[in-house]
>>> print(open('final-v5.cif').read())   # mmCIF, C-alpha atoms
data_entry
#
loop_
_atom_site.label_atom_id
_atom_site.label_comp_id
_atom_site.auth_asym_id
_atom_site.auth_seq_id
_atom_site.Cartn_x
_atom_site.Cartn_y
_atom_site.Cartn_z
CA MET A 188 3.46 -30.51 -56.92
CA LYS A 189 7.23 -31.00 -56.74
CA MET A 190 6.95 -32.08 -53.10
CA LYS A 191 4.24 -34.59 -54.07
CA ASN A 192 6.41 -36.07 -56.82
CA LYS A 193 9.30 -36.27 -54.37
CA ASP A 194 7.09 -38.19 -51.92
CA HIS A 195 6.19 -40.62 -54.72
CA ARG A 196 9.88 -41.23 -55.34
CA TYR A 197 10.28 -42.29 -51.71
CA THR A 198 7.37 -44.70 -52.15
CA TYR A 199 8.88 -46.25 -55.28
CA LEU A 200 12.30 -46.44 -53.62
CA THR A 201 10.81 -48.22 -50.60
CA TRP A 202 9.14 -50.90 -52.69
CA LEU A 203 12.17 -51.28 -54.93
CA THR A 204 14.27 -51.89 -51.82
CA ILE A 205 11.80 -54.47 -50.49
CA ILE A 206 11.77 -56.37 -53.79
CA LEU A 207 15.56 -56.17 -54.07
CA VAL A 208 16.07 -57.55 -50.54
CA TRP A 209 13.50 -60.26 -51.26
CA PHE A 210 15.36 -61.21 -54.45
CA VAL A 211 18.80 -61.28 -52.77
CA VAL A 212 17.59 -63.30 -49.77
CA THR A 213 16.01 -65.98 -51.96
CA GLU A 214 18.67 -65.95 -54.68
CA PHE A 215 21.46 -66.75 -52.19
CA ASN A 216 19.29 -69.26 -50.27
CA LEU A 217 19.48 -67.30 -47.02
CA ILE A 218 15.94 -68.50 -46.32
CA SER A 219 14.38 -71.75 -47.48
CA SER A 220 12.27 -71.40 -50.63
CA ARG A 221 9.58 -73.41 -48.86
CA LEU A 222 9.19 -70.49 -46.45
CA VAL A 223 9.88 -67.57 -48.78
CA PRO A 224 9.66 -68.26 -52.53
CA SER A 225 11.66 -66.11 -54.92
CA PRO A 226 9.97 -63.27 -56.84
CA ILE A 227 10.48 -65.20 -60.08
CA GLN A 228 8.81 -68.29 -58.60
CA VAL A 229 5.86 -66.18 -57.43
CA ILE A 230 5.47 -64.63 -60.89
CA GLN A 231 5.61 -68.08 -62.54
CA THR A 232 3.01 -69.40 -60.08
CA PHE A 233 0.75 -66.44 -60.77
CA PHE A 234 0.80 -67.03 -64.53
CA ASP A 235 0.24 -70.75 -63.95
CA ILE A 236 -2.84 -70.01 -61.80
CA LEU A 237 -3.98 -67.44 -64.34
CA LYS A 238 -3.76 -70.08 -67.08
CA ASN A 239 -4.80 -73.28 -65.29
CA GLY A 240 -6.63 -72.04 -62.21
CA TYR A 241 -6.26 -73.42 -58.70
CA ASN A 242 -7.91 -76.60 -57.47
CA HIS A 243 -9.72 -76.95 -60.83
CA ILE A 244 -11.28 -73.49 -60.42
CA SER A 245 -10.23 -70.61 -62.67
CA PHE A 246 -8.43 -67.61 -61.24
CA TRP A 247 -11.22 -65.27 -62.32
CA GLU A 248 -13.79 -67.40 -60.52
CA HIS A 249 -11.74 -67.20 -57.33
CA MET A 250 -11.41 -63.46 -57.80
CA GLY A 251 -15.04 -62.98 -58.75
CA ILE A 252 -16.55 -64.77 -55.76
CA SER A 253 -14.30 -62.87 -53.34
CA MET A 254 -15.19 -59.51 -54.92
CA TYR A 255 -18.88 -60.47 -54.91
CA ARG A 256 -18.76 -61.19 -51.16
CA LEU A 257 -16.79 -58.01 -50.49
CA PHE A 258 -18.84 -55.57 -52.56
CA LEU A 259 -22.26 -56.98 -51.66
CA SER A 260 -21.51 -56.80 -47.93
CA SER A 261 -19.97 -53.32 -48.27
CA PHE A 262 -22.98 -52.06 -50.24
CA LEU A 263 -25.41 -53.42 -47.64
CA ALA A 264 -23.34 -51.81 -44.88
CA LEU A 265 -23.27 -48.52 -46.80
CA ILE A 266 -27.05 -48.22 -47.25
CA THR A 267 -27.79 -49.14 -43.63
CA ALA A 268 -24.88 -47.69 -41.63
CA ILE A 269 -25.03 -44.20 -43.15
CA PRO A 270 -28.70 -43.52 -42.28
CA LEU A 271 -28.36 -45.06 -38.82
CA GLY A 272 -25.05 -43.31 -38.15
CA LEU A 273 -26.34 -39.89 -39.22
CA LEU A 274 -29.55 -40.35 -37.24
CA SER A 275 -27.58 -41.49 -34.18
CA GLY A 276 -25.40 -38.41 -34.43
CA TYR A 277 -28.47 -36.21 -34.90
CA SER A 278 -30.72 -37.83 -32.28
CA LYS A 279 -29.68 -38.94 -28.79
CA ARG A 280 -32.64 -41.35 -28.64
CA VAL A 281 -31.57 -43.20 -31.79
CA ARG A 282 -27.99 -43.29 -30.53
CA ALA A 283 -29.14 -44.78 -27.22
CA ILE A 284 -30.79 -47.63 -29.14
CA VAL A 285 -28.14 -48.39 -31.76
CA ASP A 286 -24.78 -47.29 -30.36
CA SER A 287 -24.49 -49.79 -27.49
CA VAL A 288 -25.19 -52.72 -29.83
CA VAL A 289 -22.51 -51.61 -32.30
CA GLN A 290 -20.00 -50.93 -29.52
CA PHE A 291 -20.67 -54.40 -28.05
CA TYR A 292 -19.96 -56.48 -31.15
CA ARG A 293 -17.33 -54.19 -32.75
CA PRO A 294 -14.31 -55.42 -30.72
CA LEU A 295 -15.28 -59.09 -31.02
CA PRO A 296 -13.01 -61.21 -33.26
CA PRO A 297 -14.94 -62.25 -36.41
CA LEU A 298 -14.33 -65.95 -35.85
CA ALA A 299 -15.89 -65.64 -32.37
CA TYR A 300 -19.37 -65.19 -33.84
CA TYR A 301 -18.86 -66.65 -37.33
CA THR A 302 -19.80 -70.11 -36.08
CA LEU A 303 -23.07 -68.67 -34.80
CA LEU A 304 -23.76 -67.08 -38.17
CA ILE A 305 -23.17 -70.44 -39.86
CA LEU A 306 -25.55 -72.08 -37.37
CA TRP A 307 -28.24 -69.46 -38.01
CA LEU A 308 -27.77 -68.77 -41.74
CA GLY A 309 -26.15 -71.95 -43.05
CA ILE A 310 -22.80 -72.54 -44.69
CA ASP A 311 -23.61 -70.89 -48.02
CA GLU A 312 -22.99 -67.26 -49.03
CA SER A 313 -25.44 -65.77 -46.51
CA SER A 314 -23.23 -66.34 -43.46
CA LYS A 315 -20.12 -65.10 -45.27
CA VAL A 316 -21.79 -61.93 -46.52
CA MET A 317 -23.28 -61.29 -43.07
CA LEU A 318 -19.85 -61.63 -41.44
CA LEU A 319 -18.34 -59.10 -43.85
CA TYR A 320 -21.39 -56.87 -43.46
CA LEU A 321 -20.95 -56.70 -39.69
CA ALA A 322 -17.25 -55.97 -40.14
CA ALA A 323 -17.97 -53.11 -42.57
CA PHE A 324 -20.98 -51.69 -40.72
CA ALA A 325 -19.21 -50.47 -37.56
CA PRO A 326 -16.55 -48.19 -39.18
CA ILE A 327 -19.13 -46.47 -41.40
CA TYR A 328 -21.59 -46.05 -38.53
CA LEU A 329 -18.96 -44.62 -36.16
CA ALA A 330 -17.62 -42.26 -38.85
CA CYS A 331 -21.13 -40.91 -39.44
CA VAL A 332 -21.80 -40.39 -35.72
CA SER A 333 -18.47 -38.61 -35.32
CA ALA A 334 -19.06 -36.48 -38.43
CA VAL A 335 -22.42 -35.18 -37.20
CA SER A 336 -20.99 -34.32 -33.78
CA LYS A 337 -18.33 -32.14 -35.47
CA VAL A 338 -20.82 -29.99 -37.40
CA ASP A 339 -20.63 -26.40 -36.16
CA PRO A 340 -23.80 -25.72 -34.08
CA ASP A 341 -23.73 -22.09 -35.23
CA PHE A 342 -24.51 -23.20 -38.79
CA ILE A 343 -27.50 -25.21 -37.61
CA ASN A 344 -28.78 -22.43 -35.35
CA SER A 345 -28.38 -19.87 -38.12
CA ALA A 346 -30.36 -22.05 -40.52
CA HIS A 347 -33.15 -22.50 -37.96
CA SER A 348 -33.26 -18.76 -37.31
CA LEU A 349 -33.77 -18.20 -41.04
CA GLY A 350 -36.75 -20.54 -41.05
CA ALA A 351 -35.17 -23.77 -42.28
CA SER A 352 -36.91 -27.00 -41.27
CA LYS A 353 -35.10 -29.92 -39.66
CA LYS A 354 -35.22 -31.72 -43.00
CA ASP A 355 -33.63 -28.75 -44.77
CA VAL A 356 -30.93 -28.46 -42.10
CA PHE A 357 -30.14 -32.15 -42.39
CA PHE A 358 -29.79 -32.24 -46.18
CA THR A 359 -28.15 -28.82 -46.71
CA ILE A 360 -25.84 -28.62 -43.67
CA VAL A 361 -25.43 -31.88 -41.78
CA LEU A 362 -25.09 -34.25 -44.74
CA PRO A 363 -22.62 -32.16 -46.81
CA ALA A 364 -20.51 -31.44 -43.71
CA SER A 365 -20.44 -35.15 -42.87
CA ALA A 366 -19.59 -36.37 -46.38
CA PRO A 367 -15.75 -36.32 -46.01
CA ASP A 368 -15.89 -38.40 -42.82
CA ILE A 369 -18.40 -40.76 -44.42
CA PHE A 370 -15.94 -41.50 -47.23
CA THR A 371 -13.16 -42.02 -44.71
CA GLY A 372 -15.40 -44.48 -42.87
CA LEU A 373 -16.26 -46.23 -46.13
CA ARG A 374 -12.59 -46.67 -47.06
CA THR A 375 -11.86 -48.01 -43.58
CA ALA A 376 -14.88 -50.32 -43.73
CA ILE A 377 -13.86 -51.92 -47.03
CA GLY A 378 -10.36 -52.45 -45.65
CA VAL A 379 -11.72 -54.11 -42.51
CA ALA A 380 -14.13 -56.23 -44.57
CA TYR A 381 -11.29 -57.31 -46.85
CA THR A 382 -9.18 -58.44 -43.87
CA THR A 383 -12.22 -60.35 -42.60
CA LEU A 384 -12.65 -62.01 -46.00
CA VAL A 385 -9.99 -64.61 -45.18
CA SER A 386 -11.91 -65.54 -42.00
CA ALA A 387 -15.13 -65.80 -44.00
CA GLU A 388 -13.48 -68.12 -46.53
CA MET A 389 -11.76 -70.29 -43.93
CA VAL A 390 -14.91 -72.24 -43.09
CA ALA A 391 -17.05 -74.19 -45.55
CA ALA A 392 -15.68 -72.48 -48.67
CA THR A 393 -14.19 -74.01 -51.80
CA SER A 394 -13.33 -70.87 -53.74
CA GLY A 395 -12.13 -67.32 -53.28
CA ILE A 396 -8.74 -65.62 -52.98
CA GLY A 397 -8.79 -65.90 -49.19
CA TRP A 398 -9.69 -69.60 -49.38
CA MET A 399 -6.88 -70.14 -51.90
CA VAL A 400 -4.34 -68.75 -49.38
CA ILE A 401 -5.73 -70.86 -46.54
CA ASP A 402 -5.82 -74.02 -48.67
CA ALA A 403 -2.26 -73.44 -49.91
CA SER A 404 -1.04 -73.06 -46.33
CA LYS A 405 -2.24 -76.59 -45.53
CA TYR A 406 0.16 -78.00 -48.13
CA LEU A 407 3.00 -75.51 -47.53
CA LYS A 408 2.53 -73.95 -50.98
CA SER A 409 4.16 -70.67 -50.03
CA ASP A 410 4.31 -69.49 -53.64
CA VAL A 411 0.51 -69.74 -53.95
CA MET A 412 0.14 -68.01 -50.58
CA PHE A 413 2.35 -65.14 -51.77
CA VAL A 414 0.34 -64.86 -54.98
CA GLY A 415 -2.95 -64.64 -53.05
CA ILE A 416 -1.59 -62.14 -50.51
CA ILE A 417 -0.09 -59.90 -53.20
CA ILE A 418 -3.32 -59.99 -55.22
CA MET A 419 -5.36 -59.01 -52.14
CA GLY A 420 -2.94 -56.20 -51.36
CA LEU A 421 -2.97 -54.83 -54.92
CA THR A 422 -6.75 -55.04 -55.29
CA GLY A 423 -7.12 -53.38 -51.89
CA LEU A 424 -4.91 -50.50 -53.09
CA LEU A 425 -6.89 -50.28 -56.34
CA ILE A 426 -10.24 -50.14 -54.52
CA ASP A 427 -8.95 -47.45 -52.15
CA PHE A 428 -7.57 -45.45 -55.10
CA ILE A 429 -10.95 -45.59 -56.86
CA LEU A 430 -12.76 -44.49 -53.69
CA LYS A 431 -10.38 -41.54 -53.27
CA ARG A 432 -11.00 -40.50 -56.87
CA ILE A 433 -14.76 -40.71 -56.37
CA GLU A 434 -14.44 -38.71 -53.16
CA SER A 435 -12.43 -35.97 -54.89
CA LYS A 436 -15.19 -35.65 -57.51
CA LEU A 437 -18.22 -35.79 -55.19
CA VAL A 438 -16.82 -34.10 -52.09
CA PHE A 439 -14.94 -31.34 -53.90
CA TRP A 440 -15.30 -28.95 -50.93
CA LYS A 441 -13.21 -31.17 -48.61
CA GLY A 442 -10.37 -29.21 -47.00
CA LYS A 443 -11.63 -25.87 -48.31
#
>>> encode(input="final-v5.cif", output="structure tokens")
Amino acid sequence: MKMKNKDHRYTYLTWLTIILVWFVVTEFNLISSRLVPSPIQVIQTFFDILKNGYNHISFWEHMGISMYRLFLSSFLALITAIPLGLLSGYSKRVRAIVDSVVQFYRPLPPLAYYTLLILWLGIDESSKVMLLYLAAFAPIYLACVSAVSKVDPDFINSAHSLGASKKDVFFTIVLPASAPDIFTGLRTAIGVAYTTLVSAEMVAATSGIGWMVIDASKYLKSDVMFVGIIIMGLTGLLIDFILKRIESKLVFWKGK
């Protein structure tokens, strides 16, 4: 416990140093405020957006639409990637069908096929959610495939020798053993989807935190850009913290 608290002190010291350097650099005009606004300017801009919104749209509407896109796509990826990933890890035939498709599109830059999604699905929310869905699907799927491959075959063979059916083996051995890796894949997937959110909001969008950053960059509003980036970073940390707490409650056998 003492070691953990000591590690936290290093974390706080790191961020305190970053903020201090940021303050000194901007306070003494070592870098133009147009490029790097001061911490005070960023805080003032945040409260101004919180009060008056941005581009006649409230802050909470920007935040809400971004979170809607992120969570809907992540949920759809969760309920499809987990079954397919576990089945692909469990069955070579299923893996032969699904794996090559996932491996083909996974390394492609999101903007490379986003224009196709807009052409097929239109410029409304469908194309944006689909883009984030594809970004989130691959990490969860690959984590599930990897998790099943790491299950000790002796456990499975022992269960079969005791008369357990394939269904029993899957739900009592394979799924619980894979759960820690599934959560790791889910955390990675939401992070990847969040980074793709800016790409999704670059084209044909008029709201969202990612769109706010892109729009501000057109007019060199670096303070607004900093506000959007910091908000995305903090919400990303919050989401990951919540997922880790859920994992500690549901997957209590991890590491034991």
>>> closest_residue(input="final-v5.cif", among="A:Gly309, A:Tyr320, A:Ser365, A:Ser261", to="A:Ile426", atoms="all atoms listed in the file")
A:Ser261
>>> closest_residue(input="final-v5.cif", among="A:Val356, A:Val212, A:Met317, A:Ala325", to="A:Thr302", atoms="only C-alpha atoms")
A:Met317
>>> closest_residue(input="final-v5.cif", among="A:Val379, A:Ile401, A:Ile236, A:Ile230", to="A:Leu257", atoms="all atoms listed in the file")
A:Val379
>>> closest_residue(input="final-v5.cif", among="A:Leu207, A:Leu295, A:Val285, A:Ile244", to="A:Met399", atoms="all atoms listed in the file")
A:Ile244
>>> atom_distance(input="final-v5.cif", atom1="atom CA of A:Ser394", atom2="atom CA of A:Val223")
24.0 Å
>>> atom_distance(input="final-v5.cif", atom1="atom CA of A:Lys279", atom2="atom CA of A:Pro367")
22.3 Å
>>> residues_around(input="final-v5.cif", residues="A:Leu362", least_positions_apart="2", cutoff="10 Å", atoms="only C-alpha atoms", output="ChimeraX atom specification")
/A:273,331,334-335,338,356-360,364-367,369
>>> residues_around(input="final-v5.cif", residues="A:Ser253", least_positions_apart="6", cutoff="10 Å", atoms="only C-alpha atoms", output="MDAnalysis selection string")
chainID A and resid 247 381 384:385 387:388 394:398 419
>>> resolve_selection(input="final-v5.cif", expression="the PyMOL selection byres ((chain A and resi 226) around 8)", output="ChimeraX atom specification")
/A:206,209-210,224-225,227-230
>>> resolve_selection(input="final-v5.cif", expression="the PyMOL selection byres ((chain A and resi 323) around 12)", output="JSON, numbers by chain")
{"A": [256, 257, 258, 259, 260, 261, 262, 263, 264, 265, 266, 267, 268, 269, 289, 293, 297, 316, 317, 318, 319, 320, 321, 322, 324, 325, 326, 327, 328, 329, 330, 372, 373, 374, 375, 376, 377, 378, 379, 380, 381, 382, 383, 384]}
>>> atom_distance(input="final-v5.cif", atom1="atom CA of A:Ser352", atom2="atom CA of A:Pro340")
15.0 Å
>>> residues_around(input="final-v5.cif", residues="A:Ser245", least_positions_apart="4", cutoff="12 Å", atoms="all atoms listed in the file", output="ChimeraX atom specification")
/A:233-241,249-252,394-396,399
>>> closest_residue(input="final-v5.cif", among="A:Leu349, A:Leu298, A:Val361, A:Leu303", to="A:Leu274", atoms="only C-alpha atoms")
A:Val361
>>> closest_residue(input="final-v5.cif", among="A:Tyr277, A:Phe215, A:Phe246, A:Tyr199", to="A:Val414", atoms="only C-alpha atoms")
A:Phe246
>>> build_atoms(input="final-v5.cif", residues="stretch 227-250 of chain A", atoms="N, CA, C and O atoms", output="short mmCIF file (atom, residue, chain, number, x, y, z; two decimals), in the frame of the given file")
data_model
loop_
_atom_site.label_atom_id
_atom_site.label_comp_id
_atom_site.auth_asym_id
_atom_site.auth_seq_id
_atom_site.Cartn_x
_atom_site.Cartn_y
_atom_site.Cartn_z
N ILE A 227 10.70 -64.54 -58.79
CA ILE A 227 10.48 -65.20 -60.08
C ILE A 227 9.53 -66.38 -59.93
O ILE A 227 8.63 -66.60 -60.76
N GLN A 228 9.69 -67.16 -58.85
CA GLN A 228 8.81 -68.29 -58.60
C GLN A 228 7.37 -67.83 -58.38
O GLN A 228 6.43 -68.46 -58.86
N VAL A 229 7.20 -66.73 -57.67
CA VAL A 229 5.86 -66.18 -57.43
C VAL A 229 5.22 -65.74 -58.73
O VAL A 229 4.03 -66.00 -58.98
N ILE A 230 6.00 -65.07 -59.59
CA ILE A 230 5.47 -64.63 -60.89
C ILE A 230 5.07 -65.83 -61.74
O ILE A 230 4.01 -65.84 -62.38
N GLN A 231 5.92 -66.86 -61.77
CA GLN A 231 5.61 -68.08 -62.54
C GLN A 231 4.34 -68.74 -62.00
O GLN A 231 3.50 -69.20 -62.79
N THR A 232 4.20 -68.79 -60.68
CA THR A 232 3.01 -69.40 -60.08
C THR A 232 1.77 -68.60 -60.42
O THR A 232 0.71 -69.16 -60.70
N PHE A 233 1.90 -67.28 -60.42
CA PHE A 233 0.75 -66.44 -60.77
C PHE A 233 0.27 -66.73 -62.19
O PHE A 233 -0.93 -66.90 -62.43
N PHE A 234 1.20 -66.77 -63.14
CA PHE A 234 0.80 -67.03 -64.53
C PHE A 234 0.25 -68.45 -64.69
O PHE A 234 -0.65 -68.69 -65.52
N ASP A 235 0.77 -69.39 -63.91
CA ASP A 235 0.24 -70.75 -63.95
C ASP A 235 -1.20 -70.79 -63.45
O ASP A 235 -2.06 -71.45 -64.05
N ILE A 236 -1.47 -70.07 -62.34
CA ILE A 236 -2.84 -70.01 -61.80
C ILE A 236 -3.75 -69.27 -62.77
O ILE A 236 -4.91 -69.63 -62.98
N LEU A 237 -3.20 -68.22 -63.38
CA LEU A 237 -3.98 -67.44 -64.34
C LEU A 237 -4.39 -68.31 -65.53
O LEU A 237 -5.49 -68.17 -66.08
N LYS A 238 -3.50 -69.22 -65.92
CA LYS A 238 -3.76 -70.08 -67.08
C LYS A 238 -4.58 -71.31 -66.71
O LYS A 238 -5.55 -71.65 -67.41
N ASN A 239 -4.20 -71.99 -65.63
CA ASN A 239 -4.80 -73.28 -65.29
C ASN A 239 -5.75 -73.26 -64.09
O ASN A 239 -6.40 -74.25 -63.79
N GLY A 240 -5.78 -72.12 -63.39
CA GLY A 240 -6.63 -72.04 -62.21
C GLY A 240 -5.98 -72.70 -61.00
O GLY A 240 -4.82 -73.13 -61.05
N TYR A 241 -6.74 -72.77 -59.91
CA TYR A 241 -6.26 -73.42 -58.70
C TYR A 241 -7.35 -74.34 -58.18
O TYR A 241 -8.50 -73.93 -58.03
N ASN A 242 -6.96 -75.58 -57.93
CA ASN A 242 -7.91 -76.60 -57.47
C ASN A 242 -9.08 -76.76 -58.45
O ASN A 242 -10.24 -76.86 -58.04
N HIS A 243 -8.74 -76.76 -59.74
CA HIS A 243 -9.72 -76.95 -60.83
C HIS A 243 -10.74 -75.81 -60.92
O HIS A 243 -11.82 -75.98 -61.51
N ILE A 244 -10.42 -74.68 -60.35
CA ILE A 244 -11.28 -73.49 -60.42
C ILE A 244 -10.45 -72.36 -61.01
O ILE A 244 -9.31 -72.14 -60.58
N SER A 245 -10.99 -71.65 -61.99
CA SER A 245 -10.23 -70.61 -62.67
C SER A 245 -9.90 -69.45 -61.72
O SER A 245 -10.60 -69.22 -60.73
N PHE A 246 -8.83 -68.76 -62.05
CA PHE A 246 -8.43 -67.61 -61.24
C PHE A 246 -9.53 -66.58 -61.15
O PHE A 246 -9.80 -66.00 -60.09
N TRP A 247 -10.19 -66.31 -62.29
CA TRP A 247 -11.22 -65.27 -62.32
C TRP A 247 -12.44 -65.67 -61.51
O TRP A 247 -13.15 -64.79 -61.00
N GLU A 248 -12.69 -66.97 -61.38
CA GLU A 248 -13.79 -67.40 -60.52
C GLU A 248 -13.44 -67.18 -59.05
O GLU A 248 -14.28 -66.74 -58.26
N HIS A 249 -12.19 -67.49 -58.69
CA HIS A 249 -11.74 -67.20 -57.33
C HIS A 249 -11.86 -65.70 -57.04
O HIS A 249 -12.37 -65.30 -55.98
N MET A 250 -11.38 -64.90 -57.97
CA MET A 250 -11.41 -63.46 -57.80
C MET A 250 -12.84 -62.93 -57.77
O MET A 250 -13.19 -62.07 -56.94
#
